[in-house]
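Encoded as structure tokens, the structure appears first; notes follow it.
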Amino acid sequence: MPDYIVVGGGSAGCAVAGRLSENPDASVTLFEAGPADSSIWIRYPVTFFKSFKGPLMQWYKVEPLAHQGGIQPKIGQARVLGGGSSLNGMIYARGAPQDYDRWAENGADGWGYRDVLPYFRKAEDNEVFSDDVHGQGGPLGVSNQSHTLPLTKAWVKACQEAGIPYNPDFNSGNLAGAGLYQLTTRNGRRCSSADAYVRPAQKRGNLTVVTNKPVVKIVVERGRAVGVQYLDNNRLVTLRAEQEVIISSGALGSPRLLMLSGIGPAQQLKNIGVDVVHDLPGVGENLQDHTDCYLVYNLKSDTSYDKYKKLRWQAAAAAQYALFGSGPITSNICEGGAFWWGDKSDPVPDLQYHFLPGAGIEEGVDTTPSGNGCTVNVYACRPRSRGRIMLRSADPNVAPLIDPNYLSHPYDVDRMVDGIRIGQEIMAQPALQKYLANVHLPQKTLTTRAELEAHVRQYTQGSYHLSGACKMGTDDMAVVDPQLRVHGIDGLRVADTSVMPSVTSGNLNAPAIMIGERAADFIKGNHF
């Protein structure tokens with residue numbers, strides 16, 4: 001019987017399990033519903049998008065989106081050891097200090113920026129920066145890009161020509177500006193949470209990693225979580241925990257598992273035949289995601305990564321990597337970035353940009369007329385729309401009901417319209433004109449508010465940054481307290497992006513790992 005059971009081997013769960021195993025007197029079992037992270041596409045940064053099209057992602061069709069003409073896009077959650085950190089674009093982005101201060105102001109006591117900063121530093125082993133906001137010697141490799149196309153650098157120049165200054169470090173505490181993202185890579189290869197925390201911990205002998213066995217229920221006796229039930233070749237098996245159960249099953253998986261275990265909105269659970277263990281109305285509510293809309297441009301020549309769709313260029317890239325460990329295979333494709341304002345009244349930038357020197361990443365966009373393209377992704381940093389996740393059935397094999405409710409708040413529409421408008425302005429600057437042939441999607445430059453909004457409503461999608469459906473706080477809709485303990489159930493915590501009261505301004509891998517680091521210290525009784 002292990003002391004601790006961690007359910008979910010994603011960005012946060014790997015951090016929790018690895019840190020708890022540092023105590024030689026503690027035994028830890030980590031469950032991951034998916035396989036081990038052995039796919040070749042995981043290792044090499046440039047192939048990350050291939051993982052999205054295979055079995056390592058669990059895909060769900062969302063409810064018809066009421067504010068986007070009833071479309072039903074799919075959203076995904078990683079299902080592999082390392083979770084999103086094994087499949088994502090490896091961008092290292094903490095968000096804005098004000099994001100965390102806002103958490104603290106809204107009931108997440110002890111989660112202000114000065115509280116979480118030590119945990120970002122504790123996790124980090126930064127290749128370049130070593131100062132009061134960056135860490136050295138942590139398990140997570142954070143590096144500068146080792147390969148960046150001239151087209152990306154031209155885009156960063158174009159941002160400056162459009163009035164967005166250069167920012168050498170988006171994680172310094174100042175988001176504003178344009179530059180090149182740092183990556184969770186080490187020596188030209190991905191550094192996932194599994195690489196950082198699980199692989200070293202397995203050498204200790206007190207961490208057991210169980211893959212391909214989904215946990216379907218938390219066992220609760222007399223108000224305390226005492227273990228889990230999981231499927232082993234369709235056979236239900238119970239494993240008990242001596243101390244605690246920590247759910248780190250992701251933004252969708254964690255609220256779903258709580259509800260399958262009878263912890264959630266009582267009437268909803270009764271209606272589908274789930275025995276209610278504890279009435280907790282906030283489970284599944286407050287679902288958030290960064291909204292993402294995109295522009296695709298046709299290039300005059302082969303100045304993007306699209307040329308590597310040809311076998312001869314693939315062979316050249318493979319040879320360069322094999323001989324020198326360098327070249328395009330070490331690129332994460334999402335090279336250029338910016339944080340800027342749509343609404344200048346906000347003290348913190350409310351837009352984020354990803355520049356990808358290639359086309360075909362987005363669903364339905366395979367190529368451009370020249371065969372060479374580039375993509376600009378626009379994100380609203382702090383959307384106000386809120387969705388929900390609910391169970392359709394007590395059967396864990398039945399997919400849940402997911403309604404992200406994108407663009408339901410007018411603020412989000414305004415920000416995305418601003419973002420597309422500014423994105424077009426950047427692409428019109430002199431630094432890019434020797435590269436660009438014409439805009440490919442949309443088919444022309446958008447000029448009126450009506451045109452911009454129509455594009456936003458048609459092409460806005462989720463950005464794999466789901467969060468919030470087990471929010472932290474002390475109000476009636478909070479699911480966990482500021483030490484991540486589930487309200488009303490002893491011995492049970494949630495540690496992943498689902499506990500975020502509000503989504504942070506940027507990609508979520510770094511904040512998820514920080515949450516895992518904090519959860520482990522809460523359990524061990526350590527505090528900075």
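Here, A, B, ... name the chains of the structure tokens in the order displayed, residue numbers run from 1 inside each chain, and ligands are numbered from 1 in the same displayed order.
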Report task. Give me the residues within 6 Å of segment 243-255 of chain A as JSON, numbers by chain, counting only C-alpha atoms and dropping any in the same chain fewer than 4 places off. Result -> {"A": [3, 4, 5, 6, 7, 8, 13, 283, 284, 466, 467, 491, 492, 493, 494, 495, 496, 497, 498]}
Requested in this report: Show which residues sit within 10 Å of Gln68 of chain A, as a ChimeraX atom specification. Count only C-alpha atoms, and ignore same-chain residues fewer than 5 positions away.
Outcome: /A:405-408,454,456-461
Report task. Would you list the contacts of segment 224-236 of chain A as number ranges by chain, taking every protein, DNA or RNA residue within 6 Å and counting only C-alpha atoms, but skipping same-chain residues closer than 3 positions in sequence? Result -> A: 213-221, 239-241, 489-492
How would the residues just chosen look if you wrote them out with C-alpha atoms as a PDB file, in the first residue's frame?
ATOM      1  CA  LYS A 213      -4.538   1.966 -16.526  1.00  0.00           C
ATOM      2  CA  PRO A 214      -7.197   4.670 -16.136  1.00  0.00           C
ATOM      3  CA  VAL A 215      -8.429   5.514 -12.664  1.00  0.00           C
ATOM      4  CA  VAL A 216     -12.236   5.651 -12.703  1.00  0.00           C
ATOM      5  CA  LYS A 217     -13.093   6.377  -9.082  1.00  0.00           C
ATOM      6  CA  ILE A 218     -11.714   7.807  -5.859  1.00  0.00           C
ATOM      7  CA  VAL A 219     -12.636   5.552  -2.951  1.00  0.00           C
ATOM      8  CA  VAL A 220     -14.054   7.585  -0.063  1.00  0.00           C
ATOM      9  CA  GLU A 221     -14.832   6.106   3.363  1.00  0.00           C
ATOM     10  CA  LEU A 239      -5.495   0.311  -4.522  1.00  0.00           C
ATOM     11  CA  ARG A 240      -5.503   1.979  -1.138  1.00  0.00           C
ATOM     12  CA  ALA A 241      -3.316   4.897  -0.025  1.00  0.00           C
ATOM     13  CA  ILE A 489     -13.154  15.451   1.847  1.00  0.00           C
ATOM     14  CA  ASP A 490     -10.074  14.582   3.902  1.00  0.00           C
ATOM     15  CA  GLY A 491      -6.954  13.126   2.316  1.00  0.00           C
ATOM     16  CA  LEU A 492      -7.784  14.380  -1.180  1.00  0.00           C
TER      17      LEU A 492
END
Requested in this report: Within 12 Å of Val398 of chain A, counting only C-alpha atoms, which residues show up once you throw out same-chain ones fewer than 4 positions away? Write them as a ChimeraX atom specification, please.
Outcome: /A:60,216,256,260,272,390-394
Report task. Pull the alpha helix (DSSP H) assignments for segment 47-201 of chain A out of DSSP run on the backbone, and list those residues as a VMD selection string. Result -> chain A and resid 48 to 51 84 to 87 97 to 105 113 to 123 150 to 161 193 199 to 201
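Across the structure, atom CA of Val417 of chain A and atom CA of Gly373 of chain A are spaced 22.5 Å apart.
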Report as JSON lines the residues of segment 64-125 of chain A within 12 Å of segment 318-337 of chain A, each with its shortest atom pair and distance in Å (one decimal), using only C-alpha atoms, ordered by chain and increasing residue number.
{"residue": "A:Leu87", "atom": "CA", "partner": "A:Asn332", "partner_atom": "CA", "distance": 10.9}
{"residue": "A:Asn88", "atom": "CA", "partner": "A:Asn332", "partner_atom": "CA", "distance": 9.1}
{"residue": "A:Gly89", "atom": "CA", "partner": "A:Asn332", "partner_atom": "CA", "distance": 5.8}
{"residue": "A:Met90", "atom": "CA", "partner": "A:Asn332", "partner_atom": "CA", "distance": 6.8}
{"residue": "A:Ile91", "atom": "CA", "partner": "A:Cys334", "partner_atom": "CA", "distance": 7.8}
{"residue": "A:Tyr92", "atom": "CA", "partner": "A:Gly337", "partner_atom": "CA", "distance": 11.2}
{"residue": "A:Ala93", "atom": "CA", "partner": "A:Gly337", "partner_atom": "CA", "distance": 10.5}
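Residues lying within 12 Å of Tyr411 of chain A, counting only C-alpha atoms and ignoring same-chain neighbours fewer than 5 positions away, are Thr291, Gly342, Asp343, Asp350, Ala380, Cys381, Arg382, Pro383, Arg384, Ser385, Tyr406, Met416, Val417 and Asp418 of chain A.
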Query raised in the report: Quick one: residues within 7 Å of Ala162 of chain A, only C-alpha atoms counted, chain neighbours fewer than 2 positions away excluded, as number ranges by chain?
Result: A: 158-160, 164, 425-426, 429
Could those selected residues go to a file with all heavy atoms, as a CSV table (one decimal), in the first residue's frame?
chain,number,residue,atom,x,y,z
A,158,ALA,N,9.2,43.3,-37.5
A,158,ALA,CA,8.0,43.9,-37.9
A,158,ALA,C,7.1,44.3,-36.7
A,158,ALA,O,6.5,45.4,-36.8
A,158,ALA,CB,7.2,42.9,-38.8
A,159,CYS,N,7.2,43.5,-35.6
A,159,CYS,CA,6.4,43.9,-34.4
A,159,CYS,C,7.0,45.3,-33.9
A,159,CYS,O,6.2,46.2,-33.6
A,159,CYS,CB,6.6,42.9,-33.3
A,159,CYS,SG,5.7,41.3,-33.6
A,160,GLN,N,8.3,45.4,-34.0
A,160,GLN,CA,8.9,46.7,-33.5
A,160,GLN,C,8.5,47.8,-34.4
A,160,GLN,O,8.2,48.9,-34.0
A,160,GLN,CB,10.4,46.5,-33.4
A,160,GLN,CG,10.8,45.5,-32.3
A,160,GLN,CD,12.3,45.1,-32.4
A,160,GLN,OE1,13.2,45.9,-32.1
A,160,GLN,NE2,12.6,43.9,-32.9
A,164,ILE,N,5.6,47.7,-31.2
A,164,ILE,CA,5.7,46.8,-30.1
A,164,ILE,C,7.2,46.6,-29.8
A,164,ILE,O,7.9,46.0,-30.6
A,164,ILE,CB,5.0,45.4,-30.4
A,164,ILE,CG1,3.6,45.6,-30.8
A,164,ILE,CG2,5.2,44.4,-29.3
A,164,ILE,CD1,2.9,44.4,-31.3
A,425,GLU,N,-1.7,44.4,-39.0
A,425,GLU,CA,-0.8,45.6,-39.0
A,425,GLU,C,0.7,45.1,-38.9
A,425,GLU,O,1.6,45.7,-39.6
A,425,GLU,CB,-1.1,46.5,-37.9
A,425,GLU,CG,-2.4,47.2,-38.0
A,425,GLU,CD,-2.8,48.0,-36.8
A,425,GLU,OE1,-2.0,48.1,-35.9
A,425,GLU,OE2,-3.9,48.6,-36.8
A,426,ILE,N,1.0,44.1,-38.1
A,426,ILE,CA,2.3,43.6,-38.0
A,426,ILE,C,2.8,43.0,-39.3
A,426,ILE,O,3.9,43.3,-39.8
A,426,ILE,CB,2.4,42.6,-36.9
A,426,ILE,CG1,2.2,43.2,-35.5
A,426,ILE,CG2,3.8,41.8,-36.9
A,426,ILE,CD1,2.0,42.2,-34.4
A,429,GLN,N,4.2,45.3,-42.2
A,429,GLN,CA,5.3,46.2,-42.0
A,429,GLN,C,6.5,45.9,-42.9
A,429,GLN,O,6.5,44.7,-43.5
A,429,GLN,CB,5.9,46.0,-40.5
A,429,GLN,CG,4.9,46.4,-39.5
A,429,GLN,CD,4.4,47.9,-39.6
A,429,GLN,OE1,5.2,48.8,-39.8
A,429,GLN,NE2,3.1,48.1,-39.5
Report task. List every residue of segment 17-147 of chain A that DSSP, applied to the backbone, labels as strand (DSSP E), and write the result as a VMD selection string. Result -> chain A and resid 28 to 32 57 to 61 74 to 78 124 to 126 140 to 142
Would you save the residues from that selection as a short mmCIF file (atom, residue, chain, number, x, y, z; two decimals), in the first residue's frame, using N, CA and C atoms?
data_model
loop_
_atom_site.label_atom_id
_atom_site.label_comp_id
_atom_site.auth_asym_id
_atom_site.auth_seq_id
_atom_site.Cartn_x
_atom_site.Cartn_y
_atom_site.Cartn_z
N VAL A 28 5.28 6.15 -3.38
CA VAL A 28 4.39 6.89 -4.26
C VAL A 28 4.02 6.02 -5.46
N THR A 29 2.74 5.99 -5.79
CA THR A 29 2.30 5.36 -7.03
C THR A 29 1.67 6.42 -7.92
N LEU A 30 2.16 6.51 -9.14
CA LEU A 30 1.68 7.47 -10.12
C LEU A 30 0.92 6.72 -11.21
N PHE A 31 -0.35 7.07 -11.41
CA PHE A 31 -1.16 6.47 -12.46
C PHE A 31 -1.24 7.41 -13.66
N GLU A 32 -1.04 6.85 -14.84
CA GLU A 32 -1.28 7.57 -16.08
C GLU A 32 -2.19 6.71 -16.96
N MET A 57 -3.52 11.80 -27.84
CA MET A 57 -4.49 12.84 -27.46
C MET A 57 -5.86 12.20 -27.30
N GLN A 58 -6.55 12.56 -26.23
CA GLN A 58 -7.95 12.18 -26.03
C GLN A 58 -8.80 13.33 -26.56
N TRP A 59 -9.58 13.06 -27.60
CA TRP A 59 -10.36 14.11 -28.24
C TRP A 59 -11.81 14.06 -27.81
N TYR A 60 -12.39 15.23 -27.63
CA TYR A 60 -13.80 15.36 -27.28
C TYR A 60 -14.45 16.38 -28.21
N LYS A 61 -15.67 16.06 -28.65
CA LYS A 61 -16.45 17.04 -29.39
C LYS A 61 -17.22 17.88 -28.39
N LYS A 74 -13.47 20.02 -32.00
CA LYS A 74 -12.94 19.09 -31.01
C LYS A 74 -11.91 19.81 -30.13
N ILE A 75 -11.87 19.38 -28.88
CA ILE A 75 -10.79 19.83 -28.01
C ILE A 75 -10.11 18.59 -27.45
N GLY A 76 -8.84 18.72 -27.13
CA GLY A 76 -8.09 17.54 -26.74
C GLY A 76 -7.37 17.72 -25.42
N GLN A 77 -7.11 16.59 -24.78
CA GLN A 77 -6.28 16.55 -23.59
C GLN A 77 -5.29 15.41 -23.77
N ALA A 78 -4.03 15.68 -23.45
CA ALA A 78 -2.98 14.67 -23.63
C ALA A 78 -3.29 13.43 -22.81
N GLU A 124 13.13 25.46 -12.18
CA GLU A 124 13.80 25.88 -13.41
C GLU A 124 15.30 25.66 -13.40
N ASP A 125 15.79 25.23 -14.56
CA ASP A 125 17.23 25.21 -14.83
C ASP A 125 17.42 25.98 -16.13
N ASN A 126 17.59 27.30 -16.00
CA ASN A 126 17.60 28.16 -17.17
C ASN A 126 18.97 28.23 -17.80
N LEU A 140 13.68 21.19 -14.48
CA LEU A 140 13.09 21.52 -15.77
C LEU A 140 14.06 22.34 -16.61
N GLY A 141 14.50 21.77 -17.72
CA GLY A 141 15.37 22.50 -18.63
C GLY A 141 14.61 23.59 -19.35
N VAL A 142 15.15 24.82 -19.31
CA VAL A 142 14.56 25.97 -20.02
C VAL A 142 15.69 26.61 -20.83
#
Query raised in the report: Any idea what the distance is between atom CA of Gly18 of chain A and atom CA of Gly188 of chain A?
Result: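 If I compute the distance from atom CA of Gly18 of chain A to atom CA of Gly188 of chain A, I get 23.3 Å.
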Query - Nearest to Val210 of chain A by atom-to-atom distance, counting only C-alpha atoms, from A:Asp132, A:Ala17, A:Lys524, A:Arg94 - result: A:Ala17
Requested in this report: Select, from A:Glu242, A:Asp279, A:Asp131, A:Asp481, the residue with the minimum atom-to-atom distance to Val499 of chain A, counting only C-alpha atoms.
Outcome: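 Closest to Val499 of chain A of all the choices is A:Asp481.
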Report task. Identify which of the residues A:Ser172, A:Gly9, A:Ser85, A:Leu299 lies closest to Phe120 of chain A, counting only C-alpha atoms when measuring atom-to-atom distances. Result ->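 Distance minimum relative to Phe120 of chain A lands on A:Ser172.
Nearest residue to Ser21 of chain A among A:Leu311, A:Leu257, A:Ile513, A:Val198 is A:Val198, counting only C-alpha atoms.
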Requested in this report: With a distance cut-off of 10 Å and only C-alpha atoms, select the neighbouring residues of Met477 of chain A, excluding the residue or stretch itself and same-chain residues fewer than 6 positions from it, and output the selection as a list in words.
Outcome: Leu280, Pro281, Gly282, Val283, Gly284, Glu285, Asn286, Ala469, Cys470 and Lys471 of chain A
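Atom CA of Met500 of chain A is found 18.9 Å from atom CA of Gly488 of chain A.
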